[in-house]
file input.cif (mmCIF, C-alpha atoms and all ligand atoms)
data_target
loop_
_atom_site.group_PDB
_atom_site.id
_atom_site.type_symbol
_atom_site.label_atom_id
_atom_site.label_comp_id
_atom_site.auth_asym_id
_atom_site.auth_seq_id
_atom_site.Cartn_x
_atom_site.Cartn_y
_atom_site.Cartn_z
ATOM 1 C CA MET A 1 6.391 14.458 7.195
ATOM 2 C CA HIS A 2 6.914 14.077 3.451
ATOM 3 C CA THR A 3 3.569 14.054 1.680
ATOM 4 C CA ILE A 4 2.209 13.932 -1.837
ATOM 5 C CA THR A 5 -0.970 15.529 -3.107
ATOM 6 C CA LEU A 6 -3.501 13.085 -4.528
ATOM 7 C CA ASN A 7 -5.631 13.908 -7.596
ATOM 8 C CA ASN A 8 -8.422 15.295 -5.354
ATOM 9 C CA GLY A 9 -6.117 17.596 -3.374
ATOM 10 C CA VAL A 10 -5.826 15.335 -0.302
ATOM 11 C CA GLU A 11 -2.315 15.133 1.189
ATOM 12 C CA MET A 12 -1.009 11.604 1.750
ATOM 13 C CA PRO A 13 2.230 10.682 3.541
ATOM 14 C CA LEU A 14 4.765 9.280 1.079
ATOM 15 C CA LEU A 15 5.920 6.718 3.627
ATOM 16 C CA GLY A 16 3.511 4.699 5.735
ATOM 17 C CA PHE A 17 3.332 1.556 7.821
ATOM 18 C CA GLY A 18 2.084 -1.822 6.519
ATOM 19 C CA THR A 19 0.357 -4.451 8.651
ATOM 20 C CA TYR A 20 -0.095 -7.497 6.382
ATOM 21 C CA GLN A 21 0.465 -10.847 8.129
ATOM 22 C CA VAL A 22 0.414 -9.229 11.566
ATOM 23 C CA THR A 23 -2.539 -11.312 12.681
ATOM 24 C CA ASP A 24 -1.676 -11.635 16.360
ATOM 25 C CA ALA A 25 -3.656 -8.802 17.986
ATOM 26 C CA ALA A 26 -1.104 -7.993 20.691
ATOM 27 C CA GLU A 27 1.769 -7.998 18.207
ATOM 28 C CA CYS A 28 -0.220 -5.804 15.823
ATOM 29 C CA GLU A 29 -1.037 -3.327 18.580
ATOM 30 C CA ARG A 30 2.610 -3.244 19.697
ATOM 31 C CA SER A 31 3.983 -2.686 16.206
ATOM 32 C CA VAL A 32 1.433 -0.010 15.247
ATOM 33 C CA THR A 33 2.140 1.715 18.573
ATOM 34 C CA ALA A 34 5.880 1.611 17.820
ATOM 35 C CA ALA A 35 5.231 2.977 14.321
ATOM 36 C CA LEU A 36 3.142 5.885 15.646
ATOM 37 C CA GLN A 37 5.766 6.666 18.295
ATOM 38 C CA THR A 38 8.436 6.639 15.574
ATOM 39 C CA GLY A 39 6.462 9.212 13.606
ATOM 40 C CA TYR A 40 4.610 7.226 10.933
ATOM 41 C CA ARG A 41 1.206 8.785 10.278
ATOM 42 C CA LEU A 42 -0.100 6.547 7.474
ATOM 43 C CA LEU A 43 -1.355 3.116 8.563
ATOM 44 C CA ASP A 44 -2.225 0.517 5.938
ATOM 45 C CA THR A 45 -4.570 -2.326 6.858
ATOM 46 C CA ALA A 46 -7.298 -4.344 5.109
ATOM 47 C CA ALA A 47 -10.444 -6.251 6.037
ATOM 48 C CA ALA A 48 -8.625 -9.399 4.897
ATOM 49 C CA TYR A 49 -5.704 -8.866 7.311
ATOM 50 C CA GLY A 50 -7.977 -9.521 10.284
ATOM 51 C CA ASN A 51 -6.289 -6.796 12.324
ATOM 52 C CA GLU A 52 -8.443 -3.682 11.925
ATOM 53 C CA GLU A 53 -9.537 -3.864 15.582
ATOM 54 C CA ALA A 54 -5.949 -4.062 16.817
ATOM 55 C CA VAL A 55 -4.944 -1.164 14.554
ATOM 56 C CA GLY A 56 -7.884 0.841 15.956
ATOM 57 C CA ARG A 57 -6.845 0.125 19.551
ATOM 58 C CA ALA A 58 -3.278 1.247 18.865
ATOM 59 C CA ILE A 59 -4.610 4.468 17.297
ATOM 60 C CA ARG A 60 -6.810 5.234 20.314
ATOM 61 C CA GLN A 61 -4.001 4.588 22.796
ATOM 62 C CA SER A 62 -1.447 6.634 20.831
ATOM 63 C CA GLY A 63 -2.707 10.098 21.678
ATOM 64 C CA VAL A 64 -2.114 11.091 18.049
ATOM 65 C CA THR A 65 -5.037 13.209 16.877
ATOM 66 C CA ARG A 66 -7.281 11.803 14.159
ATOM 67 C CA ALA A 67 -6.549 14.750 11.855
ATOM 68 C CA GLU A 68 -2.821 13.911 11.888
ATOM 69 C CA LEU A 69 -3.452 10.327 10.808
ATOM 70 C CA PHE A 70 -4.007 8.836 7.388
ATOM 71 C CA VAL A 71 -5.776 5.474 7.672
ATOM 72 C CA THR A 72 -6.150 3.138 4.697
ATOM 73 C CA THR A 73 -8.187 -0.038 4.620
ATOM 74 C CA LYS A 74 -9.344 -2.272 1.777
ATOM 75 C CA LEU A 75 -12.492 -3.998 0.599
ATOM 76 C CA TRP A 76 -12.049 -7.756 0.250
ATOM 77 C CA ILE A 77 -13.069 -9.679 -2.889
ATOM 78 C CA ARG A 78 -16.026 -11.431 -1.233
ATOM 79 C CA ASP A 79 -17.609 -8.026 -0.503
ATOM 80 C CA THR A 80 -16.740 -6.445 -3.833
ATOM 81 C CA SER A 81 -20.245 -5.475 -4.973
ATOM 82 C CA TYR A 82 -22.496 -2.435 -4.399
ATOM 83 C CA GLU A 83 -24.296 -3.797 -1.307
ATOM 84 C CA GLY A 84 -21.245 -5.699 -0.104
ATOM 85 C CA ALA A 85 -19.090 -2.571 -0.191
ATOM 86 C CA LYS A 86 -21.632 -0.477 1.747
ATOM 87 C CA ARG A 87 -21.808 -3.174 4.444
ATOM 88 C CA ALA A 88 -18.097 -3.934 4.579
ATOM 89 C CA PHE A 89 -17.245 -0.227 4.819
ATOM 90 C CA GLU A 90 -19.380 0.115 7.980
ATOM 91 C CA THR A 91 -17.802 -3.039 9.437
ATOM 92 C CA SER A 92 -14.262 -1.774 8.792
ATOM 93 C CA LEU A 93 -15.071 1.631 10.304
ATOM 94 C CA ARG A 94 -16.574 -0.006 13.385
ATOM 95 C CA LYS A 95 -13.606 -2.345 13.823
ATOM 96 C CA LEU A 96 -11.163 0.534 13.452
ATOM 97 C CA GLY A 97 -13.261 2.687 15.804
ATOM 98 C CA LEU A 98 -13.232 5.566 13.314
ATOM 99 C CA ASP A 99 -15.949 7.730 11.826
ATOM 100 C CA TYR A 100 -14.261 8.289 8.465
ATOM 101 C CA LEU A 101 -11.503 6.720 6.385
ATOM 102 C CA ASP A 102 -8.695 8.561 4.646
ATOM 103 C CA LEU A 103 -8.362 6.008 1.862
ATOM 104 C CA TYR A 104 -10.492 2.999 0.938
ATOM 105 C CA LEU A 105 -9.194 0.650 -1.753
ATOM 106 C CA LEU A 106 -10.731 -2.124 -3.823
ATOM 107 C CA HIS A 107 -8.218 -4.802 -2.770
ATOM 108 C CA TRP A 108 -8.253 -6.806 -6.049
ATOM 109 C CA PRO A 109 -9.903 -6.307 -9.458
ATOM 110 C CA PHE A 110 -12.214 -9.277 -8.959
ATOM 111 C CA ASN A 111 -15.976 -9.806 -8.389
ATOM 112 C CA ASP A 112 -18.377 -6.887 -9.019
ATOM 113 C CA VAL A 113 -15.786 -4.127 -9.212
ATOM 114 C CA TYR A 114 -18.214 -1.717 -10.905
ATOM 115 C CA GLY A 115 -20.944 -2.035 -8.300
ATOM 116 C CA ALA A 116 -18.366 -1.682 -5.546
ATOM 117 C CA TRP A 117 -16.844 1.402 -7.157
ATOM 118 C CA ARG A 118 -20.276 3.080 -7.347
ATOM 119 C CA ALA A 119 -20.714 2.405 -3.616
ATOM 120 C CA LEU A 120 -17.284 3.906 -2.886
ATOM 121 C CA GLU A 121 -18.107 6.933 -5.047
ATOM 122 C CA GLU A 122 -21.271 7.521 -3.000
ATOM 123 C CA LEU A 123 -19.422 7.185 0.321
ATOM 124 C CA TYR A 124 -16.736 9.536 -0.991
ATOM 125 C CA LYS A 125 -19.292 12.135 -2.100
ATOM 126 C CA GLN A 126 -20.956 11.885 1.324
ATOM 127 C CA GLY A 127 -17.601 12.792 2.914
ATOM 128 C CA ARG A 128 -17.183 9.465 4.697
ATOM 129 C CA ILE A 129 -13.936 8.660 2.851
ATOM 130 C CA ARG A 130 -11.390 11.329 1.928
ATOM 131 C CA ALA A 131 -10.035 9.433 -1.090
ATOM 132 C CA ILE A 132 -10.932 6.213 -2.900
ATOM 133 C CA GLY A 133 -8.632 4.014 -4.901
ATOM 134 C CA VAL A 134 -7.736 0.556 -6.096
ATOM 135 C CA SER A 135 -5.085 -2.064 -5.610
ATOM 136 C CA ASN A 136 -3.579 -4.627 -7.969
ATOM 137 C CA PHE A 137 -5.246 -3.099 -11.023
ATOM 138 C CA LEU A 138 -3.362 -3.588 -14.292
ATOM 139 C CA PRO A 139 -3.588 -0.622 -16.687
ATOM 140 C CA GLU A 140 -6.406 -1.918 -18.880
ATOM 141 C CA ARG A 141 -8.651 -2.663 -15.874
ATOM 142 C CA LEU A 142 -7.888 0.713 -14.358
ATOM 143 C CA LEU A 143 -8.555 2.512 -17.624
ATOM 144 C CA ASP A 144 -11.882 0.705 -18.021
ATOM 145 C CA LEU A 145 -12.863 1.740 -14.485
ATOM 146 C CA LEU A 146 -11.904 5.359 -14.839
ATOM 147 C CA LEU A 147 -13.380 5.817 -18.316
ATOM 148 C CA HIS A 148 -16.804 4.694 -17.118
ATOM 149 C CA HIS A 149 -17.123 6.383 -13.727
ATOM 150 C CA ASP A 150 -17.092 9.872 -12.227
ATOM 151 C CA VAL A 151 -14.310 9.558 -9.684
ATOM 152 C CA VAL A 152 -10.800 8.722 -10.897
ATOM 153 C CA PRO A 153 -9.072 6.418 -8.377
ATOM 154 C CA ALA A 154 -6.629 8.442 -6.278
ATOM 155 C CA VAL A 155 -4.228 5.547 -5.705
ATOM 156 C CA ASN A 156 -3.268 2.183 -7.186
ATOM 157 C CA GLN A 157 -1.410 0.079 -4.615
ATOM 158 C CA ILE A 158 0.680 -2.543 -6.421
ATOM 159 C CA GLU A 159 3.562 -4.927 -5.808
ATOM 160 C CA THR A 160 6.743 -2.957 -6.491
ATOM 161 C CA HIS A 161 10.338 -3.774 -5.478
ATOM 162 C CA PRO A 162 13.797 -3.913 -7.104
ATOM 163 C CA GLN A 163 13.038 -7.245 -8.794
ATOM 164 C CA TYR A 164 9.608 -6.087 -10.085
ATOM 165 C CA GLN A 165 9.817 -2.362 -10.738
ATOM 166 C CA ARG A 166 6.799 -1.840 -13.052
ATOM 167 C CA PRO A 167 8.141 1.179 -15.000
ATOM 168 C CA ALA A 168 5.421 0.995 -17.689
ATOM 169 C CA VAL A 169 2.628 0.760 -15.095
ATOM 170 C CA HIS A 170 4.202 3.645 -13.183
ATOM 171 C CA GLU A 171 4.242 5.809 -16.311
ATOM 172 C CA PHE A 172 0.622 4.900 -17.090
ATOM 173 C CA LEU A 173 -0.452 5.832 -13.555
ATOM 174 C CA ARG A 174 1.442 9.119 -13.780
ATOM 175 C CA GLN A 175 -0.326 9.996 -17.038
ATOM 176 C CA GLN A 176 -3.731 9.207 -15.508
ATOM 177 C CA GLY A 177 -3.063 11.158 -12.299
ATOM 178 C CA VAL A 178 -3.278 8.020 -10.144
ATOM 179 C CA GLN A 179 -0.731 7.797 -7.323
ATOM 180 C CA HIS A 180 1.499 4.700 -7.398
ATOM 181 C CA GLN A 181 1.832 3.155 -3.928
ATOM 182 C CA ALA A 182 4.233 0.224 -3.561
ATOM 183 C CA TRP A 183 3.383 -2.880 -1.561
ATOM 184 C CA ALA A 184 6.057 -5.433 -0.604
ATOM 185 C CA PRO A 185 8.974 -3.023 -1.169
ATOM 186 C CA PHE A 186 11.276 -5.780 0.167
ATOM 187 C CA GLY A 187 9.455 -8.551 -1.688
ATOM 188 C CA GLN A 188 8.254 -9.709 1.755
ATOM 189 C CA GLY A 189 11.836 -10.790 2.456
ATOM 190 C CA LYS A 190 11.496 -13.569 -0.167
ATOM 191 C CA ILE A 191 13.702 -12.178 -2.949
ATOM 192 C CA ASN A 192 17.075 -11.905 -1.155
ATOM 193 C CA VAL A 193 16.905 -8.158 -1.482
ATOM 194 C CA PHE A 194 18.978 -7.647 1.652
ATOM 195 C CA GLU A 195 21.838 -9.777 0.249
ATOM 196 C CA ASN A 196 21.873 -8.106 -3.163
ATOM 197 C CA GLU A 197 25.446 -6.944 -3.913
ATOM 198 C CA VAL A 198 24.409 -3.870 -5.925
ATOM 199 C CA LEU A 199 22.088 -2.642 -3.172
ATOM 200 C CA ARG A 200 24.660 -3.438 -0.492
ATOM 201 C CA ALA A 201 27.325 -1.397 -2.286
ATOM 202 C CA ILE A 202 24.965 1.586 -2.643
ATOM 203 C CA ALA A 203 23.951 1.269 1.017
ATOM 204 C CA HIS A 204 27.596 1.118 2.102
ATOM 205 C CA LYS A 205 28.439 4.231 0.080
ATOM 206 C CA HIS A 206 25.629 6.240 1.738
ATOM 207 C CA GLN A 207 26.188 4.724 5.206
ATOM 208 C CA LYS A 208 22.631 3.422 5.092
ATOM 209 C CA THR A 209 21.030 -0.033 5.128
ATOM 210 C CA VAL A 210 19.670 -1.883 2.091
ATOM 211 C CA ALA A 211 16.129 -1.391 3.444
ATOM 212 C CA GLN A 212 16.702 2.374 3.563
ATOM 213 C CA VAL A 213 18.111 2.405 0.028
ATOM 214 C CA VAL A 214 15.065 0.527 -1.313
ATOM 215 C CA LEU A 215 12.651 2.923 0.421
ATOM 216 C CA ARG A 216 14.615 5.937 -0.811
ATOM 217 C CA TRP A 217 14.716 4.535 -4.355
ATOM 218 C CA LEU A 218 10.899 4.494 -4.312
ATOM 219 C CA THR A 219 10.167 7.746 -2.466
ATOM 220 C CA GLN A 220 12.792 9.768 -4.353
ATOM 221 C CA ARG A 221 10.862 8.949 -7.547
ATOM 222 C CA GLY A 222 7.505 9.941 -6.010
ATOM 223 C CA ILE A 223 6.318 6.390 -5.351
ATOM 224 C CA ALA A 224 4.528 6.056 -2.013
ATOM 225 C CA VAL A 225 5.434 3.025 0.098
ATOM 226 C CA ILE A 226 4.216 1.130 3.180
ATOM 227 C CA PRO A 227 6.961 -1.145 4.560
ATOM 228 C CA LYS A 228 6.024 -3.571 7.317
ATOM 229 C CA SER A 229 8.021 -4.802 10.276
ATOM 230 C CA VAL A 230 7.128 -5.898 13.799
ATOM 231 C CA HIS A 231 10.588 -5.025 15.192
ATOM 232 C CA PRO A 232 10.879 -1.527 16.724
ATOM 233 C CA GLU A 233 14.469 -1.078 15.504
ATOM 234 C CA ARG A 234 13.500 -1.928 11.905
ATOM 235 C CA ILE A 235 10.355 0.198 12.175
ATOM 236 C CA ALA A 236 12.651 3.101 13.113
ATOM 237 C CA GLU A 237 15.235 2.199 10.438
ATOM 238 C CA ASN A 238 12.564 2.158 7.732
ATOM 239 C CA PHE A 239 11.481 5.673 8.718
ATOM 240 C CA GLN A 240 14.963 7.262 8.369
ATOM 241 C CA VAL A 241 15.011 7.553 4.629
ATOM 242 C CA PHE A 242 14.756 11.233 3.815
ATOM 243 C CA ASP A 243 18.228 12.343 4.908
ATOM 244 C CA PHE A 244 20.126 11.157 1.819
ATOM 245 C CA GLU A 245 19.799 11.256 -1.975
ATOM 246 C CA LEU A 246 20.531 8.479 -4.434
ATOM 247 C CA SER A 247 22.593 9.603 -7.420
ATOM 248 C CA ALA A 248 21.588 9.115 -11.066
ATOM 249 C CA ALA A 249 24.179 6.296 -11.217
ATOM 250 C CA ASP A 250 22.642 4.627 -8.133
ATOM 251 C CA LEU A 251 19.188 4.810 -9.731
ATOM 252 C CA GLN A 252 20.533 3.370 -12.976
ATOM 253 C CA ALA A 253 22.220 0.486 -11.154
ATOM 254 C CA ILE A 254 18.975 -0.322 -9.317
ATOM 255 C CA ALA A 255 16.955 -0.096 -12.556
ATOM 256 C CA ALA A 256 19.180 -2.858 -13.971
ATOM 257 C CA LEU A 257 17.991 -5.255 -11.205
ATOM 258 C CA ASP A 258 14.462 -5.440 -12.648
ATOM 259 C CA THR A 259 13.518 -8.961 -13.779
ATOM 260 C CA ASN A 260 9.925 -7.914 -14.555
ATOM 261 C CA GLN A 261 8.687 -10.921 -12.564
ATOM 262 C CA SER A 262 6.304 -10.812 -9.629
ATOM 263 C CA ALA A 263 8.003 -12.438 -6.685
ATOM 264 C CA LEU A 264 4.756 -13.086 -4.874
ATOM 265 C CA PHE A 265 1.613 -13.346 -6.928
ATOM 266 C CA ASP A 266 0.865 -13.776 -10.620
ATOM 267 C CA GLN A 267 -2.616 -12.318 -11.064
ATOM 268 C CA LEU A 268 -2.792 -13.637 -14.622
ATOM 269 C CA ASP A 269 -2.478 -17.235 -13.370
ATOM 270 C CA PRO A 270 -5.957 -18.773 -12.847
ATOM 271 C CA VAL A 271 -4.627 -21.182 -10.205
ATOM 272 C CA GLN A 272 -3.351 -18.302 -8.087
ATOM 273 C CA VAL A 273 -6.537 -16.269 -8.606
ATOM 274 C CA GLN A 274 -8.586 -19.289 -7.477
ATOM 275 C CA ARG A 275 -6.419 -19.570 -4.350
ATOM 276 C CA LEU A 276 -6.934 -15.866 -3.608
ATOM 277 C CA HIS A 277 -10.712 -16.301 -3.711
ATOM 278 C CA SER A 278 -10.567 -18.908 -0.964
ATOM 279 C CA PHE A 279 -8.367 -16.678 1.232
HETATM 280 P P1 LIG B 1 7.472 -6.047 2.785
HETATM 281 O O1 LIG B 1 8.190 -6.078 1.482
HETATM 282 O O2 LIG B 1 7.217 -4.759 3.469
HETATM 283 O O3 LIG B 1 8.267 -7.045 3.706
HETATM 284 C C1 LIG B 1 8.093 -7.139 5.085
HETATM 285 C C2 LIG B 1 9.194 -8.050 5.621
HETATM 286 O O4 LIG B 1 10.477 -7.468 5.310
HETATM 287 C C3 LIG B 1 9.178 -8.122 7.139
HETATM 288 O O5 LIG B 1 8.313 -9.128 7.573
HETATM 289 C C4 LIG B 1 10.631 -8.431 7.446
HETATM 290 O O6 LIG B 1 10.855 -9.802 7.282
HETATM 291 C C5 LIG B 1 11.360 -7.672 6.383
HETATM 292 N N1 LIG B 1 11.866 -6.340 6.837
HETATM 293 C C6 LIG B 1 11.147 -5.202 7.027
HETATM 294 N N2 LIG B 1 11.969 -4.183 7.364
HETATM 295 C C7 LIG B 1 13.219 -4.695 7.382
HETATM 296 C C8 LIG B 1 14.496 -4.149 7.657
HETATM 297 N N3 LIG B 1 14.647 -2.863 7.932
HETATM 298 N N4 LIG B 1 15.575 -4.972 7.599
HETATM 299 C C9 LIG B 1 15.438 -6.276 7.299
HETATM 300 N N5 LIG B 1 14.257 -6.860 7.020
HETATM 301 C C10 LIG B 1 13.157 -6.085 7.063
HETATM 302 O O7 LIG B 1 6.107 -6.866 2.554
HETATM 303 P P2 LIG B 1 4.591 -6.644 2.883
HETATM 304 O O8 LIG B 1 4.365 -6.577 4.349
HETATM 305 O O9 LIG B 1 3.821 -7.672 2.125
HETATM 306 O O10 LIG B 1 4.249 -5.242 2.177
HETATM 307 C C11 LIG B 1 4.128 -4.029 2.890
HETATM 308 C C12 LIG B 1 2.676 -3.675 3.149
HETATM 309 O O11 LIG B 1 1.975 -3.545 1.915
HETATM 310 C C13 LIG B 1 1.876 -4.766 3.875
HETATM 311 O O12 LIG B 1 2.200 -4.871 5.234
HETATM 312 C C14 LIG B 1 0.478 -4.348 3.571
HETATM 313 O O13 LIG B 1 0.084 -3.276 4.401
HETATM 314 C C15 LIG B 1 0.616 -3.921 2.107
HETATM 315 N N6 LIG B 1 0.298 -5.016 1.167
HETATM 316 C C16 LIG B 1 -0.729 -4.824 0.289
HETATM 317 C C17 LIG B 1 -1.076 -5.820 -0.616
HETATM 318 C C18 LIG B 1 -2.195 -5.587 -1.568
HETATM 319 O O14 LIG B 1 -2.637 -6.543 -2.217
HETATM 320 N N7 LIG B 1 -2.693 -4.380 -1.672
HETATM 321 C C19 LIG B 1 -0.389 -7.040 -0.635
HETATM 322 C C20 LIG B 1 0.652 -7.217 0.270
HETATM 323 C C21 LIG B 1 0.986 -6.196 1.140
#
call {"tool": "encode", "arguments": {"input": "input.cif", "output": "structure tokens"}}
result
Amino acid sequence: MHTITLNNGVEMPLLGFGTYQVTDAAECERSVTAALQTGYRLLDTAAAYGNEEAVGRAIRQSGVTRAELFVTTKLWIRDTSYEGAKRAFETSLRKLGLDYLDLYLLHWPFNDVYGAWRALEELYKQGRIRAIGVSNFLPERLLDLLLHHDVVPAVNQIETHPQYQRPAVHEFLRQQGVQHQAWAPFGQGKINVFENEVLRAIAHKHQKTVAQVVLRWLTQRGIAVIPKSVHPERIAENFQVFDFELSAADLQAIAALDTNQSALFDQLDPVQVQRLHSF
């Protein structure tokens, strides 16, 4: 298991398993079970995914001990306030069937982020969460949060893939000691990543798949990642990424694919932010 050490000393697997859009309970249970059997130990869910109970059932049936697992869930916007966070944390724990979380993230930088962060700090100091962090925070929001609170977020989980690489955000996070974790490493399959000629040529050269090259491109540079699939063969494929090294030329060729455009969500667009609030 390849891990990284977060800013509070907690070890987090570099590669985990995502569960967004796996809303069917049986399918969620099956895919999390397949992931745990494959060897994944980090599971990423969220209150908003509606699948915490199914993730919890798969954990209980897996026989994997709690100490081996790293479970992340996220606080939804509606509950992003001091009282809301305290309540939503208990609900997530109950749904997951756990008595502590490894990582709890503010899902988006909206609503009463400051009240919510104080609640997370308290839960963290009480030992009920091993690490607290954020998601989708742009540098100025993150800086504001960390300058005015005790606990520096351990993680910022952000959209990151070959079309939207975020080098400046990555560098900022590195300087602040906040771990970059990539969501949508394949752009949710919406950016033709698997047909990209540059990635296909690199994959061919290493006798790997494009998915494996993308995951290696992230992990080799210390970026944590949580790919999602519901197909056991892809779940296994996405886990076999530590047995090859991309060359400096490979990394340079992939860097040239960056269009600096989100493929999925523009958080500076009020129309999209409004839509997110009604999710
Ligand atoms: P992703 O980029 O992981 O894409 C998943 C899709 O890629 C699959 O549905 C499938 O179509 C395809 N795929 C996966 N493995 C493949 C393979 N080996 N070969 C071919 N196709 C393959 O997108 P995602 O699920 O949105 O992101 C990963 C995880 O990140 C989520 O499941 C979730 O846990 C997390 N996430 C977090 C946020 C956030 O706001 N914090 C937002 C979105 C996702």
call {"tool": "residues_near_ligand", "arguments": {"input": "input.cif", "ligand": "ligand LIG 1 (chain B)", "cutoff": "6 Å", "atoms": "all atoms listed in the file", "output": "JSON list (two decimals) with C-alpha atoms, in the frame of the given file"}}
result
[["chain", "number", "residue", "atom", "x", "y", "z"],
["A", 18, "GLY", "CA", 2.08, -1.82, 6.52],
["A", 19, "THR", "CA", 0.36, -4.45, 8.65],
["A", 20, "TYR", "CA", -0.10, -7.50, 6.38],
["A", 44, "ASP", "CA", -2.22, 0.52, 5.94],
["A", 45, "THR", "CA", -4.57, -2.33, 6.86],
["A", 107, "HIS", "CA", -8.22, -4.80, -2.77],
["A", 135, "SER", "CA", -5.08, -2.06, -5.61],
["A", 157, "GLN", "CA", -1.41, 0.08, -4.62],
["A", 183, "TRP", "CA", 3.38, -2.88, -1.56],
["A", 184, "ALA", "CA", 6.06, -5.43, -0.60],
["A", 185, "PRO", "CA", 8.97, -3.02, -1.17],
["A", 186, "PHE", "CA", 11.28, -5.78, 0.17],
["A", 187, "GLY", "CA", 9.46, -8.55, -1.69],
["A", 188, "GLN", "CA", 8.25, -9.71, 1.76],
["A", 189, "GLY", "CA", 11.84, -10.79, 2.46],
["A", 211, "ALA", "CA", 16.13, -1.39, 3.44],
["A", 226, "ILE", "CA", 4.22, 1.13, 3.18],
["A", 227, "PRO", "CA", 6.96, -1.14, 4.56],
["A", 228, "LYS", "CA", 6.02, -3.57, 7.32],
["A", 229, "SER", "CA", 8.02, -4.80, 10.28],
["A", 234, "ARG", "CA", 13.50, -1.93, 11.90],
["A", 237, "GLU", "CA", 15.24, 2.20, 10.44],
["A", 238, "ASN", "CA", 12.56, 2.16, 7.73]]
call {"tool": "resolve_selection", "arguments": {"input": "input.cif", "expression": "the PyMOL selection byres (((chain A and resi 54) around 8) and not hetatm)", "output": "PyMOL selection string"}}
result
chain A and resi 25-26+28-29+51-53+55-58+96
call {"tool": "resolve_selection", "arguments": {"input": "input.cif", "expression": "the PyMOL selection byres (((chain A and resi 246-253) around 8) and not hetatm)", "output": "PyMOL selection string"}}
result
chain A and resi 198+202+213+216-217+220+244-245+254-257
call {"tool": "residues_around", "arguments": {"input": "input.cif", "residues": "Glu121 of chain A", "least_positions_apart": "6", "cutoff": "10 Å", "atoms": "all atoms listed in the file", "output": "list in words"}}
result
Gly115, Gly127, Ile129, Ala131, Ile132, Gly133, His149, Asp150, Val151, Val152 and Pro153 of chain A
call {"tool": "residues_near_point", "arguments": {"input": "input.cif", "point": "(-0.5, -0.4, -8.5)", "cutoff": "7 Å", "atoms": "all atoms listed in the file", "output": "list in words"}}
result
Ser135, Asn136, Phe137, Asn156, Gln157, Ile158, Glu159, His180, Gln181 and Ala182 of chain A
call {"tool": "residues_near_point", "arguments": {"input": "input.cif", "point": "(-6.2, 4.2, 3.9)", "cutoff": "7 Å", "atoms": "all atoms listed in the file", "output": "list in words"}}
result
Leu43, Asp44, Phe70, Val71, Thr72, Thr73, Leu101, Asp102, Leu103 and Tyr104 of chain A
call {"tool": "closest_residue", "arguments": {"input": "input.cif", "among": "A:Gln21, A:Gln212, A:Thr91, A:Ser278", "to": "Phe239 of chain A", "atoms": "all atoms listed in the file"}}
result
A:Gln212
call {"tool": "resolve_selection", "arguments": {"input": "input.cif", "expression": "the PyMOL selection byres (((chain A and resi 61) around 12) and not hetatm)", "output": "number ranges by chain"}}
result
A: 29-30, 32-34, 36-37, 54-60, 62-66, 97
call {"tool": "atom_distance", "arguments": {"input": "input.cif", "atom1": "atom CA of Met1 of chain A", "atom2": "atom CA of Leu42 of chain A"}}
result
10.2 Å
call {"tool": "closest_residue", "arguments": {"input": "input.cif", "among": "A:Ala263, A:Arg118, A:His206, A:Leu146", "to": "Lys190 of chain A", "atoms": "only C-alpha atoms"}}
result
A:Ala263
call {"tool": "atom_distance", "arguments": {"input": "input.cif", "atom1": "atom CA of Val210 of chain A", "atom2": "atom CA of His161 of chain A"}}
result
12.2 Å
call {"tool": "atom_distance", "arguments": {"input": "input.cif", "atom1": "atom CA of Asp258 of chain A", "atom2": "atom CA of Tyr164 of chain A"}}
result
5.5 Å
call {"tool": "closest_residue", "arguments": {"input": "input.cif", "among": "A:Leu215, A:Ala47, A:Leu105, A:Ala119", "to": "Ala203 of chain A", "atoms": "only C-alpha atoms"}}
result
A:Leu215
call {"tool": "closest_residue", "arguments": {"input": "input.cif", "among": "A:Pro167, A:Tyr114, A:Thr3, A:Arg174", "to": "Leu145 of chain A", "atoms": "only C-alpha atoms"}}
result
A:Tyr114
call {"tool": "closest_residue", "arguments": {"input": "input.cif", "among": "A:Ala168, A:Gln176, A:Gln207, A:His231", "to": "Asn260 of chain A", "atoms": "all atoms listed in the file"}}
result
A:Ala168
call {"tool": "build_atoms", "arguments": {"input": "input.cif", "residues": "segment 28-35 of chain A", "atoms": "N, CA and C atoms", "output": "compact mmCIF listing (two decimals), in the frame of the given file"}}
result
# COMPACT_ATOMS: atom_id res chain seq x y z
N CYS A 28 0.21 -6.88 16.72
CA CYS A 28 -0.22 -5.80 15.82
C CYS A 28 -0.29 -4.48 16.60
N GLU A 29 -0.91 -4.54 17.76
CA GLU A 29 -1.04 -3.33 18.58
C GLU A 29 0.34 -2.76 18.94
N ARG A 30 1.25 -3.68 19.32
CA ARG A 30 2.61 -3.24 19.70
C ARG A 30 3.32 -2.60 18.51
N SER A 31 3.21 -3.22 17.33
CA SER A 31 3.98 -2.69 16.21
C SER A 31 3.37 -1.38 15.69
N VAL A 32 2.04 -1.28 15.68
CA VAL A 32 1.43 -0.01 15.25
C VAL A 32 1.77 1.09 16.26
N THR A 33 1.77 0.74 17.54
CA THR A 33 2.14 1.72 18.57
C THR A 33 3.58 2.19 18.34
N ALA A 34 4.47 1.24 18.07
CA ALA A 34 5.88 1.61 17.82
C ALA A 34 5.97 2.51 16.58
N ALA A 35 5.20 2.17 15.56
CA ALA A 35 5.23 2.98 14.32
C ALA A 35 4.76 4.41 14.60
